[in-house]
Amino acid sequence: METNIRLYAFNYDEAKTYLWATVFVACNLVLPQVFHLIPQGGVIFSPLSLVILAGAYKFGWKTGLLAALLSPFVNHLLTGMPAMAVLPVMTLKLAILALVAGFTAQHFKTVSLPLIIGVVLVSKAIGCFGELLLTGGIDATIADFTIGWPGLLLQVIGAWLILTKLK
């Protein structure tokens, strides 16, 4: 189930990079508010990841990385969430997701369900390792899979639908 779509790789000297990164940061302000209506919705669904994954895959790792670095920080400043204690780990995981998604799209130049699954699993594995190094605790890492599995499904299915159906 492979789909050829138009993929971009914007650079930091292009206005489109900042325009799309701003759009993704704005989406990442709104989307978590919806999921936070569900008890532990942010932890379960990781809504910031969906936007970063789709954005970095479609518009390149530089645009995705910019949005990944700014989204948690802007959210924290405007809403108080994520909490300051989780900000470094969340930012690291989103940055890894943006890089893996962007480089995968750049290399394969196509979108497929197996590629999206691979991006999510590889970035999650690297992110969990980074979280272990930053925190020294394994509880949050285990929770990513035990509590957060619906979010992993949302990332895979949601990103694939966004990338293949919204052209």
# chains A, B, ... in the order shown; residues from 1 in each chain; ligands from 1

call {"tool": "select_by_dssp", "arguments": {"residues": "chain A", "states": "alpha helix (DSSP H)", "output": "ChimeraX atom specification"}}
result
/A:15-35,41-45,47-59,61-79,87-108,113-135,139-146,149-165

call {"tool": "residues_around", "arguments": {"residues": "A:Leu48", "least_positions_apart": "4", "cutoff": "7 Å", "atoms": "only C-alpha atoms", "output": "list of chain:residue names"}}
result
A:Asn28, A:Pro32, A:Ile52

call {"tool": "write_last_selection", "arguments": {"atoms": "C-alpha atoms", "output": "PDB file, in the first residue's frame"}}
result
ATOM      1  CA  ASN A  28       0.014  21.610  18.364  1.00  0.00           C
ATOM      2  CA  PRO A  32      -3.692  18.765  22.728  1.00  0.00           C
ATOM      3  CA  ILE A  52       5.287  16.498  13.946  1.00  0.00           C
TER       4      ILE A  52
END

call {"tool": "closest_residue", "arguments": {"among": "A:Tyr18, A:Lys58, A:Phe35, A:Leu29", "to": "A:Val111", "atoms": "only C-alpha atoms"}}
result
A:Lys58

call {"tool": "residues_around", "arguments": {"residues": "stretch 67-78 of chain A", "least_positions_apart": "3", "cutoff": "12 Å", "atoms": "only C-alpha atoms", "output": "ChimeraX atom specification"}}
result
/A:17-33,46-56,59-64,81-99,101-102

call {"tool": "residues_around", "arguments": {"residues": "A:Val119", "least_positions_apart": "4", "cutoff": "9 Å", "atoms": "only C-alpha atoms", "output": "ChimeraX atom specification"}}
result
/A:53,97,100-101,104,114-115,123-124,156

call {"tool": "write_last_selection", "arguments": {"atoms": "N, CA and C atoms", "output": "compact mmCIF listing (two decimals), in the first residue's frame"}}
result
# COMPACT_ATOMS: atom_id res chain seq x y z
N LEU A 53 5.07 14.22 13.11
CA LEU A 53 5.31 13.12 12.18
C LEU A 53 4.82 13.47 10.77
N LEU A 97 11.67 12.19 16.39
CA LEU A 97 10.59 11.83 15.47
C LEU A 97 10.67 12.65 14.18
N VAL A 100 13.76 11.39 12.10
CA VAL A 100 13.54 10.07 11.50
C VAL A 100 12.50 10.17 10.38
N ALA A 101 11.41 10.89 10.62
CA ALA A 101 10.36 11.03 9.60
C ALA A 101 10.89 11.77 8.37
N THR A 104 13.48 9.64 6.46
CA THR A 104 12.82 8.51 5.80
C THR A 104 12.12 8.97 4.53
N PRO A 114 3.96 0.57 5.99
CA PRO A 114 5.16 0.02 6.63
C PRO A 114 6.23 1.08 6.94
N LEU A 115 6.40 2.06 6.06
CA LEU A 115 7.37 3.12 6.33
C LEU A 115 6.95 3.95 7.55
N SER A 123 11.76 5.80 15.90
CA SER A 123 11.87 7.04 16.70
C SER A 123 11.48 6.79 18.15
N LYS A 124 10.51 5.92 18.38
CA LYS A 124 10.11 5.58 19.75
C LYS A 124 11.25 4.87 20.48
N VAL A 156 0.43 6.30 13.58
CA VAL A 156 0.58 5.51 12.36
C VAL A 156 -0.61 5.75 11.42

call {"tool": "decode", "arguments": {"residues": "stretch 152-164 of chain A", "atoms": "all heavy atoms", "output": "compact mmCIF listing (two decimals), in the first residue's frame"}}
result
# COMPACT_ATOMS: atom_id res chain seq x y z
N LEU A 152 0.36 5.53 19.69
CA LEU A 152 1.19 4.97 18.63
C LEU A 152 0.32 4.61 17.42
O LEU A 152 0.69 4.88 16.28
CB LEU A 152 1.96 3.75 19.13
CG LEU A 152 2.96 4.01 20.26
CD1 LEU A 152 3.57 2.70 20.74
CD2 LEU A 152 4.04 4.98 19.83
N LEU A 153 -0.84 4.01 17.70
CA LEU A 153 -1.77 3.70 16.61
C LEU A 153 -2.27 4.97 15.93
O LEU A 153 -2.37 5.02 14.70
CB LEU A 153 -2.96 2.90 17.13
CG LEU A 153 -2.70 1.44 17.49
CD1 LEU A 153 -3.95 0.81 18.09
CD2 LEU A 153 -2.23 0.66 16.28
N LEU A 154 -2.57 5.98 16.74
CA LEU A 154 -3.03 7.26 16.19
C LEU A 154 -1.96 7.87 15.28
O LEU A 154 -2.26 8.38 14.21
CB LEU A 154 -3.38 8.24 17.31
CG LEU A 154 -3.76 9.65 16.87
CD1 LEU A 154 -5.08 9.64 16.10
CD2 LEU A 154 -3.85 10.58 18.07
N GLN A 155 -0.71 7.80 15.71
CA GLN A 155 0.37 8.34 14.88
C GLN A 155 0.45 7.62 13.55
O GLN A 155 0.53 8.25 12.50
CB GLN A 155 1.71 8.20 15.61
CG GLN A 155 1.91 9.15 16.75
CD GLN A 155 3.21 8.87 17.47
OE1 GLN A 155 4.25 8.72 16.83
NE2 GLN A 155 3.16 8.78 18.78
N VAL A 156 0.43 6.30 13.58
CA VAL A 156 0.58 5.51 12.36
C VAL A 156 -0.61 5.75 11.42
O VAL A 156 -0.44 6.15 10.27
CB VAL A 156 0.72 4.00 12.68
CG1 VAL A 156 0.60 3.16 11.42
CG2 VAL A 156 2.05 3.73 13.36
N ILE A 157 -1.80 5.51 11.92
CA ILE A 157 -2.99 5.62 11.07
C ILE A 157 -3.27 7.07 10.71
O ILE A 157 -3.54 7.39 9.55
CB ILE A 157 -4.21 4.97 11.76
CG1 ILE A 157 -3.95 3.46 11.91
CG2 ILE A 157 -5.49 5.23 11.00
CD1 ILE A 157 -4.89 2.75 12.85
N GLY A 158 -3.16 7.96 11.70
CA GLY A 158 -3.43 9.38 11.45
C GLY A 158 -2.46 9.99 10.45
O GLY A 158 -2.87 10.68 9.51
N ALA A 159 -1.17 9.74 10.64
CA ALA A 159 -0.17 10.30 9.72
C ALA A 159 -0.35 9.73 8.32
O ALA A 159 -0.28 10.47 7.33
CB ALA A 159 1.24 10.03 10.23
N TRP A 160 -0.60 8.43 8.23
CA TRP A 160 -0.79 7.83 6.92
C TRP A 160 -2.00 8.44 6.22
O TRP A 160 -1.94 8.78 5.04
CB TRP A 160 -0.93 6.31 7.04
CG TRP A 160 -1.03 5.65 5.72
CD1 TRP A 160 0.00 5.39 4.85
CD2 TRP A 160 -2.22 5.20 5.07
NE1 TRP A 160 -0.49 4.79 3.70
CE2 TRP A 160 -1.86 4.66 3.82
CE3 TRP A 160 -3.56 5.18 5.43
CZ2 TRP A 160 -2.77 4.13 2.94
CZ3 TRP A 160 -4.48 4.65 4.55
CH2 TRP A 160 -4.09 4.13 3.32
N LEU A 161 -3.11 8.61 6.95
CA LEU A 161 -4.30 9.22 6.35
C LEU A 161 -4.05 10.67 5.95
O LEU A 161 -4.45 11.09 4.86
CB LEU A 161 -5.49 9.13 7.32
CG LEU A 161 -6.10 7.74 7.48
CD1 LEU A 161 -7.13 7.74 8.60
CD2 LEU A 161 -6.71 7.27 6.17
N ILE A 162 -3.41 11.42 6.82
CA ILE A 162 -3.12 12.83 6.52
C ILE A 162 -2.24 12.92 5.27
O ILE A 162 -2.52 13.71 4.36
CB ILE A 162 -2.43 13.52 7.71
CG1 ILE A 162 -3.43 13.71 8.85
CG2 ILE A 162 -1.82 14.86 7.29
CD1 ILE A 162 -2.80 14.12 10.16
N LEU A 163 -1.21 12.11 5.22
CA LEU A 163 -0.26 12.20 4.11
C LEU A 163 -0.83 11.69 2.79
O LEU A 163 -0.49 12.19 1.73
CB LEU A 163 1.01 11.42 4.45
CG LEU A 163 1.87 12.05 5.53
CD1 LEU A 163 2.93 11.07 6.02
CD2 LEU A 163 2.51 13.35 5.06
N THR A 164 -1.72 10.71 2.85
CA THR A 164 -2.22 10.12 1.60
C THR A 164 -3.55 10.71 1.15
O THR A 164 -3.84 10.70 -0.04
CB THR A 164 -2.37 8.59 1.72
OG1 THR A 164 -3.27 8.28 2.79
CG2 THR A 164 -1.03 7.93 1.94
